[in-house]
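*Asks:* Have a look at the structure that comes next, please.
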Amino acid sequence: MDKIKVWLEKQALNVTPKSKLGEAVRCMQNQWTYLVRYLDNSLVDIDNNASERAIKPFVMGRKGWLFSDSIAGARSSAALYTLVETAKINGHEPYAWLRHVLTILPALEKDADVEQLLPMNIKPESLKYPVYVLRGRCC
């Protein structure tokens with residue numbers, strides 16, 4: 001990286017600032033501290049694609065939620081949406097997880113037992129997925 005940094009500094013002196021190469025050199029100089037930080041820590045992602053993919057469903061749904069008929073309906077929709085997205089993050093196929101939860105929920109004796117049904121408390125492999133999901137024809 002030191003050699004690249006030296007090369008970059010030399011290029012910055014020799015290129016026209018408004019040329020494509022000049023813009024690329026300036027951009028790399030401006031991002032240098034972030035690049036070095038990325039290389040120092042292997043746990044840091046090089047891009048923000050994971051976070052962008054995570055919020056994409058919210059962005060896609062914005063127009064639909066704009067016309068919720070009531071505040072209670074909007075809250076219910078948001079709660080369900082949050083549970084489905086949390087199920088996805090925890091490795092569940094949303095339909096299978098919801099089917100599992102809605103099957104067990106009526107049999108629970110205490111409200112405190114509901115926590116065991118949260119997506120992060122159920123192993124994805126413990127759910128029985130429908131055949132069409134196993135064959136890859138879903139979602």
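Within each chain, counting starts at residue 1; across the structure tokens, chains are named A, B, ... in the order shown, with ligands numbered 1 upward in that order.
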Report as an MDAnalysis selection string all protein, DNA and RNA residues lying within 6 Å of segment 91-99 of chain A, evaluated on only C-alpha atoms, omitting residues in the same chain fewer than 3 positions from it.
*Replies:* chainID A and resid 84 87:88 102 124 129
*Asks:* Please produce an output containing C-alpha atoms for each residue in the selection, written as an mmCIF file, in the first residue's frame.
*Replies:*
```cif
data_model
loop_
_atom_site.group_PDB
_atom_site.id
_atom_site.type_symbol
_atom_site.label_atom_id
_atom_site.label_comp_id
_atom_site.auth_asym_id
_atom_site.auth_seq_id
_atom_site.Cartn_x
_atom_site.Cartn_y
_atom_site.Cartn_z
ATOM 1 C CA VAL A 84 -40.953 -10.571 7.967
ATOM 2 C CA ALA A 87 -37.177 -13.441 9.637
ATOM 3 C CA LYS A 88 -35.265 -12.945 6.380
ATOM 4 C CA LEU A 102 -49.291 -18.790 13.569
ATOM 5 C CA PRO A 124 -34.137 -21.973 10.291
ATOM 6 C CA TYR A 129 -40.425 -25.675 4.536
#
```
*Asks:* If you count only C-alpha atoms, which residues fall within 12 Å of Asp47 of chain A, apart from same-chain ones fewer than 3 positions away, as a CSV table (one decimal) with C-alpha atoms, in the first residue's frame?
*Replies:*
```csv
chain,number,residue,atom,x,y,z
A,34,TYR,CA,-11.2,4.7,4.3
A,35,LEU,CA,-9.3,2.2,2.1
A,38,TYR,CA,-10.8,-1.4,5.4
A,43,LEU,CA,-14.6,-7.5,9.4
A,44,VAL,CA,-15.4,-4.2,7.7
A,50,ALA,CA,-25.7,-5.4,2.5
A,51,SER,CA,-27.3,-2.4,4.1
A,52,GLU,CA,-28.7,-1.1,0.8
A,53,ARG,CA,-30.3,-4.6,0.2
```
*Asks:* Give me the residues within 12 Å of Ile104 of chain A as a PyMOL selection string, counting only C-alpha atoms and dropping any in the same chain fewer than 6 places off.
*Replies:* chain A and resi 97-98+113-114+116-118+127
*Asks:* Can those selected residues be exported to a file as a PDB file, in the first residue's frame so that it contains N, CA and C atoms?
*Replies:*
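File produced: selection-v6.pdb:
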```
ATOM      1  N   TRP A  97     -41.814 -19.331   8.203  1.00  0.00           N
ATOM      2  CA  TRP A  97     -41.717 -18.839   9.578  1.00  0.00           C
ATOM      3  C   TRP A  97     -43.079 -18.366  10.074  1.00  0.00           C
ATOM      4  N   LEU A  98     -43.805 -17.590   9.255  1.00  0.00           N
ATOM      5  CA  LEU A  98     -45.133 -17.120   9.665  1.00  0.00           C
ATOM      6  C   LEU A  98     -46.087 -18.287   9.900  1.00  0.00           C
ATOM      7  N   ASP A 113     -44.233 -16.408  26.666  1.00  0.00           N
ATOM      8  CA  ASP A 113     -43.759 -17.483  25.794  1.00  0.00           C
ATOM      9  C   ASP A 113     -43.652 -17.047  24.333  1.00  0.00           C
ATOM     10  N   VAL A 114     -44.213 -15.893  24.007  1.00  0.00           N
ATOM     11  CA  VAL A 114     -44.190 -15.405  22.625  1.00  0.00           C
ATOM     12  C   VAL A 114     -42.752 -15.150  22.167  1.00  0.00           C
ATOM     13  N   GLN A 116     -40.177 -16.838  22.433  1.00  0.00           N
ATOM     14  CA  GLN A 116     -39.536 -18.011  21.831  1.00  0.00           C
ATOM     15  C   GLN A 116     -39.856 -18.137  20.340  1.00  0.00           C
ATOM     16  N   LEU A 117     -40.873 -17.428  19.870  1.00  0.00           N
ATOM     17  CA  LEU A 117     -41.266 -17.505  18.465  1.00  0.00           C
ATOM     18  C   LEU A 117     -40.627 -16.422  17.594  1.00  0.00           C
ATOM     19  N   LEU A 118     -39.878 -15.517  18.207  1.00  0.00           N
ATOM     20  CA  LEU A 118     -39.219 -14.478  17.421  1.00  0.00           C
ATOM     21  C   LEU A 118     -38.206 -15.116  16.471  1.00  0.00           C
ATOM     22  N   LEU A 127     -37.546 -25.444  11.018  1.00  0.00           N
ATOM     23  CA  LEU A 127     -38.840 -25.251  10.366  1.00  0.00           C
ATOM     24  C   LEU A 127     -38.979 -26.212   9.200  1.00  0.00           C
TER      25      LEU A 127
END
```
*Asks:* Would you work out the distance separating atom CA of Asn49 of chain A from atom CA of Leu8 of chain A, expressed in Å to one decimal?
*Replies:*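 Separation between atom CA of Asn49 of chain A and atom CA of Leu8 of chain A: 27.1 Å.
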